[in-house]
Amino acid sequence: MSTPGPLQAETAVIAAFVTDAPLDHARAVAAVQDERTGAVVSFSGVIRDHDGGRSVTSLDYTCHPRAGAAIQEVARSVAEQFPGVRIWAAHRVGHLAIGESALEAAVASAHRKLAFAACDALVDRIKTEVPIWKEQLFTDGSTEWVGLDA
C-alpha cells in the first residue's frame, strides 16, 4: 500500500458524532490536520444571547436516537462529494449555556477552496438532515422549539 503523495490526499471522516460532553474546537482542527494539509476550515456554532429580538438565557438540545448515525452518514456523503478532504464533526445535546459550542466542524484539504466548500456543505447538511432540535429559553421565562421540521 502506497502513501498518498502531495497531490493525492486521502479522503477520510476522522470523526462524526453526537455527544452531551463539551466540544473542543482545537481538538476538531488538530484531528483533521496532517502533512498533506494546506488548508483547514472550521466552524463553531456558539450559543448566543439573543434570537429574533428576544433575549435568550440558554438552549436545550434534544435528538432522535438515530442522530449519531445520521451525522456519520452526512459526513461520509460530504467526503464522497469532495474527494481529498478530511472531516471532523460533532453536535452537542443537552443543556447549553450562552457561549458554549453546539456544533464543531473542521475540514482539511490540500487547497483552501475545497476545504471551504466542503465545510459549508457539511454544516448546512448537519443542520438540515440530522434530527436534532433545540428549545430556546428566554429571559421572560418563555420557551420556543426550533428545528422540529429537521
# chains A, B, ... in the order shown; residues from 1 in each chain; ligands from 1
>>> closest_atom_pairs(of="segment 67-128 of chain A", to="segment 14-23 of chain A", cutoff="9 Å", atoms="only C-alpha atoms", output="Markdown table")
| residue | atom | partner | partner_atom | distance |
| --- | --- | --- | --- | --- |
| A:Ala67 | CA | A:Val18 | CA | 6.9 |
| A:Gly68 | CA | A:Phe17 | CA | 5.3 |
| A:Ala69 | CA | A:Phe17 | CA | 7.8 |
| A:Ala70 | CA | A:Phe17 | CA | 8.8 |
| A:Ile71 | CA | A:Ala16 | CA | 6.0 |
| A:Gln72 | CA | A:Ala16 | CA | 5.1 |
| A:Glu73 | CA | A:Ala16 | CA | 8.7 |
| A:Val74 | CA | A:Ala16 | CA | 8.7 |
| A:Ala75 | CA | A:Ala16 | CA | 6.6 |
| A:Arg76 | CA | A:Ala16 | CA | 8.8 |
| A:Arg86 | CA | A:Ile14 | CA | 6.6 |
| A:Ile87 | CA | A:Ile14 | CA | 5.6 |
| A:Trp88 | CA | A:Ala15 | CA | 4.8 |
| A:Ala89 | CA | A:Ala16 | CA | 4.7 |
| A:Ala90 | CA | A:Phe17 | CA | 4.9 |
| A:His91 | CA | A:Val18 | CA | 4.9 |
| A:Arg92 | CA | A:Thr19 | CA | 5.0 |
| A:Val93 | CA | A:Asp20 | CA | 4.9 |
| A:Gly94 | CA | A:Asp20 | CA | 5.8 |
| A:His95 | CA | A:Asp20 | CA | 8.5 |
| A:Leu96 | CA | A:Pro22 | CA | 9.0 |
| A:Glu100 | CA | A:Pro22 | CA | 7.7 |
| A:Ser101 | CA | A:Leu23 | CA | 6.2 |
| A:Ala102 | CA | A:Leu23 | CA | 7.5 |
| A:Leu103 | CA | A:Leu23 | CA | 7.6 |
| A:Glu104 | CA | A:Leu23 | CA | 6.9 |
| A:Ala105 | CA | A:Ala16 | CA | 8.9 |
>>> residues_around(residues="Thr139 of chain A", least_positions_apart="5", cutoff="10 Å", atoms="only C-alpha atoms", output="list in words")
Asp49, His50, Arg54, Ser55, Val56, Thr57 and Ser58 of chain A
>>> write_last_selection(atoms="C-alpha atoms", output="mmCIF file, in the first residue's frame")
data_model
loop_
_atom_site.group_PDB
_atom_site.id
_atom_site.type_symbol
_atom_site.label_atom_id
_atom_site.label_comp_id
_atom_site.auth_asym_id
_atom_site.auth_seq_id
_atom_site.Cartn_x
_atom_site.Cartn_y
_atom_site.Cartn_z
ATOM 1 C CA ASP A 49 -27.790 35.556 23.981
ATOM 2 C CA HIS A 50 -30.473 36.640 21.507
ATOM 3 C CA ARG A 54 -35.558 38.357 22.203
ATOM 4 C CA SER A 55 -33.046 37.703 24.988
ATOM 5 C CA VAL A 56 -32.016 34.046 25.286
ATOM 6 C CA THR A 57 -30.713 32.564 28.554
ATOM 7 C CA SER A 58 -29.788 29.058 27.342
#
>>> select_by_dssp(residues="segment 23-147 of chain A", states="strand (DSSP E or B)", output="MDAnalysis selection string")
chainID A and resid 39:46 50:51 54:63 86:92 94:97 101:109 132:138 143:146
>>> write_last_selection(atoms="C-alpha atoms", output="PDB file, in the first residue's frame")
ATOM      1  CA  ALA A  39      -5.973  24.397   4.432  1.00  0.00           C
ATOM      2  CA  VAL A  40      -8.196  23.806   7.430  1.00  0.00           C
ATOM      3  CA  VAL A  41     -11.602  25.444   7.514  1.00  0.00           C
ATOM      4  CA  SER A  42     -13.604  25.197  10.710  1.00  0.00           C
ATOM      5  CA  PHE A  43     -16.968  26.239  12.072  1.00  0.00           C
ATOM      6  CA  SER A  44     -18.118  26.723  15.661  1.00  0.00           C
ATOM      7  CA  GLY A  45     -21.837  27.057  16.281  1.00  0.00           C
ATOM      8  CA  VAL A  46     -21.883  29.046  19.528  1.00  0.00           C
ATOM      9  CA  HIS A  50     -30.473  36.640  21.507  1.00  0.00           C
ATOM     10  CA  ASP A  51     -32.730  35.412  18.722  1.00  0.00           C
ATOM     11  CA  ARG A  54     -35.558  38.357  22.203  1.00  0.00           C
ATOM     12  CA  SER A  55     -33.046  37.703  24.988  1.00  0.00           C
ATOM     13  CA  VAL A  56     -32.016  34.046  25.286  1.00  0.00           C
ATOM     14  CA  THR A  57     -30.713  32.564  28.554  1.00  0.00           C
ATOM     15  CA  SER A  58     -29.788  29.058  27.342  1.00  0.00           C
ATOM     16  CA  LEU A  59     -30.714  26.262  24.937  1.00  0.00           C
ATOM     17  CA  ASP A  60     -31.699  22.633  25.394  1.00  0.00           C
ATOM     18  CA  TYR A  61     -30.840  20.308  22.504  1.00  0.00           C
ATOM     19  CA  THR A  62     -32.725  17.049  22.052  1.00  0.00           C
ATOM     20  CA  CYS A  63     -32.031  14.408  19.426  1.00  0.00           C
ATOM     21  CA  ARG A  86     -10.595  15.081   5.979  1.00  0.00           C
ATOM     22  CA  ILE A  87     -13.676  15.715   8.154  1.00  0.00           C
ATOM     23  CA  TRP A  88     -14.366  16.035  11.877  1.00  0.00           C
ATOM     24  CA  ALA A  89     -17.885  16.972  13.052  1.00  0.00           C
ATOM     25  CA  ALA A  90     -19.745  16.851  16.345  1.00  0.00           C
ATOM     26  CA  HIS A  91     -23.063  18.194  17.602  1.00  0.00           C
ATOM     27  CA  ARG A  92     -23.815  18.598  21.249  1.00  0.00           C
ATOM     28  CA  GLY A  94     -28.367  18.638  26.462  1.00  0.00           C
ATOM     29  CA  HIS A  95     -28.450  21.967  28.274  1.00  0.00           C
ATOM     30  CA  LEU A  96     -26.068  24.579  26.831  1.00  0.00           C
ATOM     31  CA  ALA A  97     -25.261  27.988  28.276  1.00  0.00           C
ATOM     32  CA  SER A 101     -20.441  25.389  21.330  1.00  0.00           C
ATOM     33  CA  ALA A 102     -23.330  23.345  19.963  1.00  0.00           C
ATOM     34  CA  LEU A 103     -21.619  22.332  16.714  1.00  0.00           C
ATOM     35  CA  GLU A 104     -17.968  21.956  15.773  1.00  0.00           C
ATOM     36  CA  ALA A 105     -16.890  21.083  12.259  1.00  0.00           C
ATOM     37  CA  ALA A 106     -13.438  21.036  10.706  1.00  0.00           C
ATOM     38  CA  VAL A 107     -12.422  20.153   7.166  1.00  0.00           C
ATOM     39  CA  ALA A 108      -8.882  19.873   5.877  1.00  0.00           C
ATOM     40  CA  SER A 109      -7.668  19.539   2.318  1.00  0.00           C
ATOM     41  CA  ILE A 132     -31.589  17.447  16.474  1.00  0.00           C
ATOM     42  CA  TRP A 133     -33.974  20.060  17.842  1.00  0.00           C
ATOM     43  CA  LYS A 134     -33.399  22.999  20.132  1.00  0.00           C
ATOM     44  CA  GLU A 135     -35.598  24.599  22.738  1.00  0.00           C
ATOM     45  CA  GLN A 136     -34.663  28.215  23.414  1.00  0.00           C
ATOM     46  CA  LEU A 137     -35.193  29.552  26.910  1.00  0.00           C
ATOM     47  CA  PHE A 138     -35.888  33.285  27.079  1.00  0.00           C
ATOM     48  CA  THR A 143     -39.574  28.851  25.590  1.00  0.00           C
ATOM     49  CA  GLU A 144     -39.605  28.145  21.860  1.00  0.00           C
ATOM     50  CA  TRP A 145     -38.772  24.986  19.922  1.00  0.00           C
ATOM     51  CA  VAL A 146     -36.654  25.485  16.796  1.00  0.00           C
TER      52      VAL A 146
END
>>> closest_residue(among="A:Val29, A:Val85, A:Ala79, A:Val13", to="Lys113 of chain A", atoms="only C-alpha atoms")
A:Val85
